[in-house]
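Enquirer: Structure incoming, see below.
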Amino acid sequence: MTPDIAIHRARRSHLLETLGEGVLILATAPEARRNRDAHYPYRFDSHFYYLTAFPEPEAVLVLIAGKRPRQILFCREKNEEREIWDGFRYGPKAAKAAFGFDAAYPYDELDRRLPKLLENQVRLAYAFASVPAWDARIMAWINVVRGKARTGVTAPVNLSDAHALIDPLRLFKDAHEIELMQRAADLSAQAHRDTMRLCKPGMGEGELEAELMRVWRAGGCQAPAYTPIVAGGANACVLHYVANDQPLKAGDLVLIDAAGEYHGYAADITRTFPVNGHFSGAQKEVYAIVLAAQLAAIAAVRPGLDFNAPHAAALRVLTQGLVDLKLLTGEVDGLIEQGAYKPWYMHKTSHWIGLDVHDVGDYKAAGAWRELQPGMTLTVEPGLYLRPADNVPKALWNIGIRIEDDVLVTQAGCHVLTAAAPKSVAEIEAAMHP
């Protein structure tokens with residue numbers, strides 16, 4: 001996919017205006033070694049990619065604010081021998097043109113050029129305490145500048161967190177980002193549909209994971225957005241179960257929390273369905289409670305309500321459902337205040353989503369929940385996890401259900417990006433028996 005130079009350059013220009021004066025330095029993620037002869041698949045730093053669209057490792061963005069703003073990239077040089085082994089490299093000259101920078105220099109020249117760029121700058125913004133090696137390198141550059149004090153050169157005295165400047169920008173998705181997120185959502189929803197159709201008793205959890213991966217990759221996703229969860233039976237009551245190596249049994253449910261990443265942007269979908277294609281009576285009863293909770297939470301995603309509104313709406317339905325299942329007794333308000341639901345629902349209902357599956361952005365401002373506004377994107381994912389216990393009827397044992405969608409806040413309310421994934425009992429059973 002060809003990067004849109006204008007979009008990313010405009011983001012950098014907006015950030016320069018926010019910075020006002022001084023220098024911002026932002027490095028991409030380092031490569032990570034998996035073993036002696038291989039690295040993990042490379043994935044760029046999300047903040048860096050948001051501003052540059054540059055996909056290679058060993059790259060640094062430098063923004064210089066003030067009367068003569070400059071946008072500078074440091075990246076690896078062209079190297080024909082390494083390209084034979086590792087693939088294409090842009091090199092500074094091509095990267096400057098392809099990604100809309102004012103200047104681009106070799107990565108190996110950082111230590112020579114950065115102290116000069118920091119001279120007589122009042123402010124430095126950098127992602128402090130993210131990578132210790134970079135903290136040390138930044139401080140070394142500042143000390144080089146301080147060493148010139150007798151010549152009248154000054155070093156930055158105002159140090160600030162670059163992420164704190166970028167996070168509020170990333171919280172609101174523009175039309176280009178929404179398009180990418182919708183593509184990630186569509187491919188991920190298709191993977192869930194195909195996996196439902198494929199599922200049969202006796203298959204392994206890993207076989208369903210393989211089908212998810214096949215659909216994502218065939219559609220253009222570069223990677224899973226996170227480690228897939230394919231949890232059959234009792235495994236569905238383990239929130240972060242990722243072994244995905246057990247057989248699937250008739251009469252059990254399987255919970256799949258999995259989605260793809262499309263050009264850096266994540267989807268996040270959870271669906272729960274019966275291994276044999278038909279919900280039992282107890283499974284259907286619990287599923288109806290979780291689905292009602294999710295629909296109530298989605299209805300609470302609209303401008304003017306706050307981030308906690310979907311969670312509050314889901315809690316009321318889930319707690320009433322636990323009363324109906326005779327797992328709790330008492331008034332709903334009091335039970336919520338006591339946290340009586342927590343043995344069976346122990347997580348929040350939403351998180352931001354975007355370039356990261358748990359995306360950046362504060363959830364509270366000045367001690368109050370942040371107000372939802374158009375352009376924000378969040379998940380809605382209530383669940384119930386009924387593990388064997390003396391106070392749980394045996395018919396409900398090992399029923400773990402979570403239903404999750406990705407939701408865009410709009411002017412009129414909200415739009416469910418992942419709506420194409422079957423969700424009602426009828427839709428799921430029809431998908432499993434076409």
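Please note that chains go A, B, ... in the order of the structure tokens, that every chain numbers its residues from 1, and that ligands are numbered from 1 in the order shown.
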Using only C-alpha atoms, which protein or nucleic acid residues come within 10 Å of Trp141 (chain A)? Drop anything in the same chain fewer than 4 positions from it, and give the result as JSON, numbers by chain.
Expert: {"A": [110, 111, 112, 113, 114, 115, 116, 117, 118, 119, 136, 137, 145, 146, 147, 155]}
Enquirer: Would you put the residues from that selection into a file with N, CA and C atoms, as a JSON list (two decimals), in the first residue's frame?
Expert:
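selection_5.json was written with the following content:
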[["chain", "number", "residue", "atom", "x", "y", "z"],
["A", 110, "LEU", "N", 23.53, 9.78, 13.22],
["A", 110, "LEU", "CA", 22.77, 10.35, 14.34],
["A", 110, "LEU", "C", 23.67, 11.02, 15.36],
["A", 111, "ASP", "N", 24.68, 10.30, 15.82],
["A", 111, "ASP", "CA", 25.53, 10.84, 16.89],
["A", 111, "ASP", "C", 26.29, 12.08, 16.45],
["A", 112, "ARG", "N", 26.55, 12.21, 15.17],
["A", 112, "ARG", "CA", 27.26, 13.39, 14.67],
["A", 112, "ARG", "C", 26.33, 14.58, 14.48],
["A", 113, "ARG", "N", 25.11, 14.33, 14.00],
["A", 113, "ARG", "CA", 24.21, 15.42, 13.63],
["A", 113, "ARG", "C", 23.29, 15.89, 14.76],
["A", 114, "LEU", "N", 22.85, 14.98, 15.64],
["A", 114, "LEU", "CA", 21.84, 15.36, 16.63],
["A", 114, "LEU", "C", 22.32, 16.43, 17.61],
["A", 115, "PRO", "N", 23.54, 16.35, 18.14],
["A", 115, "PRO", "CA", 23.94, 17.45, 19.04],
["A", 115, "PRO", "C", 23.85, 18.82, 18.38],
["A", 116, "LYS", "N", 24.21, 18.89, 17.11],
["A", 116, "LYS", "CA", 24.12, 20.17, 16.39],
["A", 116, "LYS", "C", 22.67, 20.64, 16.28],
["A", 117, "LEU", "N", 21.76, 19.70, 16.02],
["A", 117, "LEU", "CA", 20.35, 20.07, 15.90],
["A", 117, "LEU", "C", 19.75, 20.51, 17.24],
["A", 118, "LEU", "N", 20.36, 20.08, 18.35],
["A", 118, "LEU", "CA", 19.86, 20.45, 19.68],
["A", 118, "LEU", "C", 20.44, 21.77, 20.19],
["A", 119, "GLU", "N", 21.44, 22.29, 19.51],
["A", 119, "GLU", "CA", 22.06, 23.54, 19.99],
["A", 119, "GLU", "C", 21.08, 24.70, 19.98],
["A", 136, "ALA", "N", 19.79, 6.99, 27.49],
["A", 136, "ALA", "CA", 21.22, 7.27, 27.66],
["A", 136, "ALA", "C", 21.77, 8.01, 26.45],
["A", 137, "ARG", "N", 21.31, 7.64, 25.28],
["A", 137, "ARG", "CA", 21.81, 8.28, 24.05],
["A", 137, "ARG", "C", 21.38, 9.75, 23.99],
["A", 145, "VAL", "N", 26.19, 19.07, 23.88],
["A", 145, "VAL", "CA", 25.81, 20.48, 23.72],
["A", 145, "VAL", "C", 26.20, 21.28, 24.95],
["A", 146, "ARG", "N", 25.97, 20.73, 26.13],
["A", 146, "ARG", "CA", 26.36, 21.44, 27.35],
["A", 146, "ARG", "C", 27.87, 21.71, 27.40],
["A", 147, "GLY", "N", 28.63, 20.83, 26.77],
["A", 147, "GLY", "CA", 30.08, 21.02, 26.75],
["A", 147, "GLY", "C", 30.53, 22.24, 25.97],
["A", 155, "ALA", "N", 21.91, 24.33, 25.78],
["A", 155, "ALA", "CA", 21.24, 23.04, 25.60],
["A", 155, "ALA", "C", 19.78, 23.16, 26.05]]
Enquirer: Write down as a PyMOL selection string the residues belonging to region 61-188 of chain A that are assigned helix (DSSP H, G or I) by DSSP computed on the backbone.
Expert: chain A and resi 80-86+91-99+107-118+132-146+149-151+162-171+175-188
Enquirer: Using only C-alpha atoms, which protein or nucleic acid residues come within 12 Å of Gln294 (chain A)? Drop anything in the same chain fewer than 6 positions from it, and give the result as a PyMOL selection string.
Expert: chain A and resi 270-271+287-288+300-301+310-318+349-350+379-384+401-407+416+423-424
Enquirer: For the selection just defined, write its residues with N, CA and C atoms to a file, as a CSV table (one decimal), in the first residue's frame.
Expert:
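Writing done, so here's out-v8.csv:
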chain,number,residue,atom,x,y,z
A,270,THR,N,-14.5,-10.6,19.4
A,270,THR,CA,-14.7,-11.9,20.1
A,270,THR,C,-16.1,-12.4,19.8
A,271,ARG,N,-16.1,-13.7,19.5
A,271,ARG,CA,-17.4,-14.4,19.3
A,271,ARG,C,-17.3,-15.7,20.0
A,287,TYR,N,-25.9,-16.9,27.0
A,287,TYR,CA,-25.6,-16.1,25.9
A,287,TYR,C,-26.5,-14.9,25.7
A,288,ALA,N,-27.8,-15.1,25.9
A,288,ALA,CA,-28.8,-14.0,25.8
A,288,ALA,C,-28.5,-12.9,26.7
A,300,ALA,N,-25.0,2.9,24.5
A,300,ALA,CA,-24.5,4.0,25.3
A,300,ALA,C,-23.2,4.6,24.7
A,301,VAL,N,-22.9,4.2,23.5
A,301,VAL,CA,-21.8,4.8,22.8
A,301,VAL,C,-22.3,5.9,21.9
A,310,PRO,N,-20.8,2.9,28.6
A,310,PRO,CA,-21.1,1.5,28.1
A,310,PRO,C,-20.9,0.5,29.2
A,311,HIS,N,-19.8,0.7,30.0
A,311,HIS,CA,-19.6,-0.3,31.1
A,311,HIS,C,-20.7,-0.3,32.1
A,312,ALA,N,-21.2,0.9,32.5
A,312,ALA,CA,-22.3,1.0,33.4
A,312,ALA,C,-23.5,0.3,32.9
A,313,ALA,N,-23.8,0.5,31.6
A,313,ALA,CA,-25.0,-0.1,31.0
A,313,ALA,C,-24.9,-1.6,30.9
A,314,ALA,N,-23.7,-2.1,30.6
A,314,ALA,CA,-23.5,-3.6,30.5
A,314,ALA,C,-23.6,-4.2,31.9
A,315,LEU,N,-23.0,-3.5,32.9
A,315,LEU,CA,-23.1,-4.0,34.3
A,315,LEU,C,-24.5,-4.3,34.8
A,316,ARG,N,-25.4,-3.3,34.5
A,316,ARG,CA,-26.8,-3.5,34.9
A,316,ARG,C,-27.4,-4.7,34.3
A,317,VAL,N,-27.2,-4.9,33.0
A,317,VAL,CA,-27.8,-6.1,32.4
A,317,VAL,C,-27.2,-7.4,32.9
A,318,LEU,N,-25.8,-7.4,33.0
A,318,LEU,CA,-25.2,-8.6,33.5
A,318,LEU,C,-25.6,-9.0,34.9
A,349,THR,N,-15.5,-3.1,30.2
A,349,THR,CA,-16.3,-3.4,29.0
A,349,THR,C,-15.6,-2.8,27.7
A,350,SER,N,-14.7,-1.8,27.9
A,350,SER,CA,-14.2,-1.1,26.7
A,350,SER,C,-12.7,-0.8,26.9
A,379,THR,N,-13.7,-0.6,21.9
A,379,THR,CA,-14.3,-1.9,21.9
A,379,THR,C,-15.5,-1.9,22.8
A,380,VAL,N,-16.4,-2.8,22.6
A,380,VAL,CA,-17.5,-3.1,23.6
A,380,VAL,C,-17.5,-4.6,23.8
A,381,GLU,N,-17.1,-5.1,25.0
A,381,GLU,CA,-16.9,-6.5,25.2
A,381,GLU,C,-17.3,-7.1,26.5
A,382,PRO,N,-18.6,-7.1,26.9
A,382,PRO,CA,-19.0,-7.7,28.1
A,382,PRO,C,-18.8,-9.3,28.0
A,383,GLY,N,-18.8,-9.9,29.2
A,383,GLY,CA,-18.8,-11.4,29.2
A,383,GLY,C,-19.2,-11.9,30.5
A,384,LEU,N,-19.4,-13.2,30.6
A,384,LEU,CA,-19.7,-14.0,31.8
A,384,LEU,C,-18.8,-15.2,31.8
A,401,ILE,N,-18.5,-16.9,28.1
A,401,ILE,CA,-19.0,-16.2,26.9
A,401,ILE,C,-18.5,-14.7,26.9
A,402,ARG,N,-18.0,-14.3,25.8
A,402,ARG,CA,-17.6,-12.9,25.6
A,402,ARG,C,-18.0,-12.5,24.2
A,403,ILE,N,-18.6,-11.3,24.1
A,403,ILE,CA,-19.0,-10.8,22.7
A,403,ILE,C,-18.4,-9.5,22.6
A,404,GLU,N,-17.6,-9.3,21.5
A,404,GLU,CA,-16.8,-8.0,21.4
A,404,GLU,C,-16.9,-7.5,20.0
A,405,ASP,N,-17.2,-6.2,19.9
A,405,ASP,CA,-17.2,-5.5,18.6
A,405,ASP,C,-16.3,-4.2,18.8
A,406,ASP,N,-16.0,-3.6,17.6
A,406,ASP,CA,-15.3,-2.4,17.5
A,406,ASP,C,-16.2,-1.3,17.1
A,407,VAL,N,-16.3,-0.2,17.8
A,407,VAL,CA,-17.3,0.8,17.6
A,407,VAL,C,-16.7,2.2,17.4
A,416,VAL,N,-20.9,0.3,14.3
A,416,VAL,CA,-20.2,-0.9,14.6
A,416,VAL,C,-19.4,-1.4,13.4
A,423,LYS,N,-23.6,-12.7,15.2
A,423,LYS,CA,-23.6,-12.5,16.6
A,423,LYS,C,-24.8,-13.0,17.3
A,424,SER,N,-26.0,-12.9,16.8
A,424,SER,CA,-27.2,-13.5,17.4
A,424,SER,C,-27.1,-15.0,17.4
Enquirer: Could you pull out the strand (DSSP E or B) residues of region 242-347 of chain A, going by DSSP on the backbone, and write them as an MDAnalysis selection string?
Expert: chainID A and resid 247 253:257 260:262 265:266 270:274 306
Enquirer: Taking only C-alpha atoms into account, name the residue in A:Glu58, A:Gly66, A:Ala366, A:Pro132 that is nearest to Pro106 (chain A).
Expert: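 Answer, going by the shortest atom-to-atom distance: A:Glu58.
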Enquirer: Can you pull out the residues contacting His240 (chain A)? Cut-off 10 Å, using only C-alpha atoms, and skip same-chain residues under 5 positions away; I want them as a list of chain:residue names.
Expert: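 What passes the distance filter is A:Thr227, A:Pro228, A:Ile229, A:Val230, A:Ala231, A:Asn235, A:Asp257.
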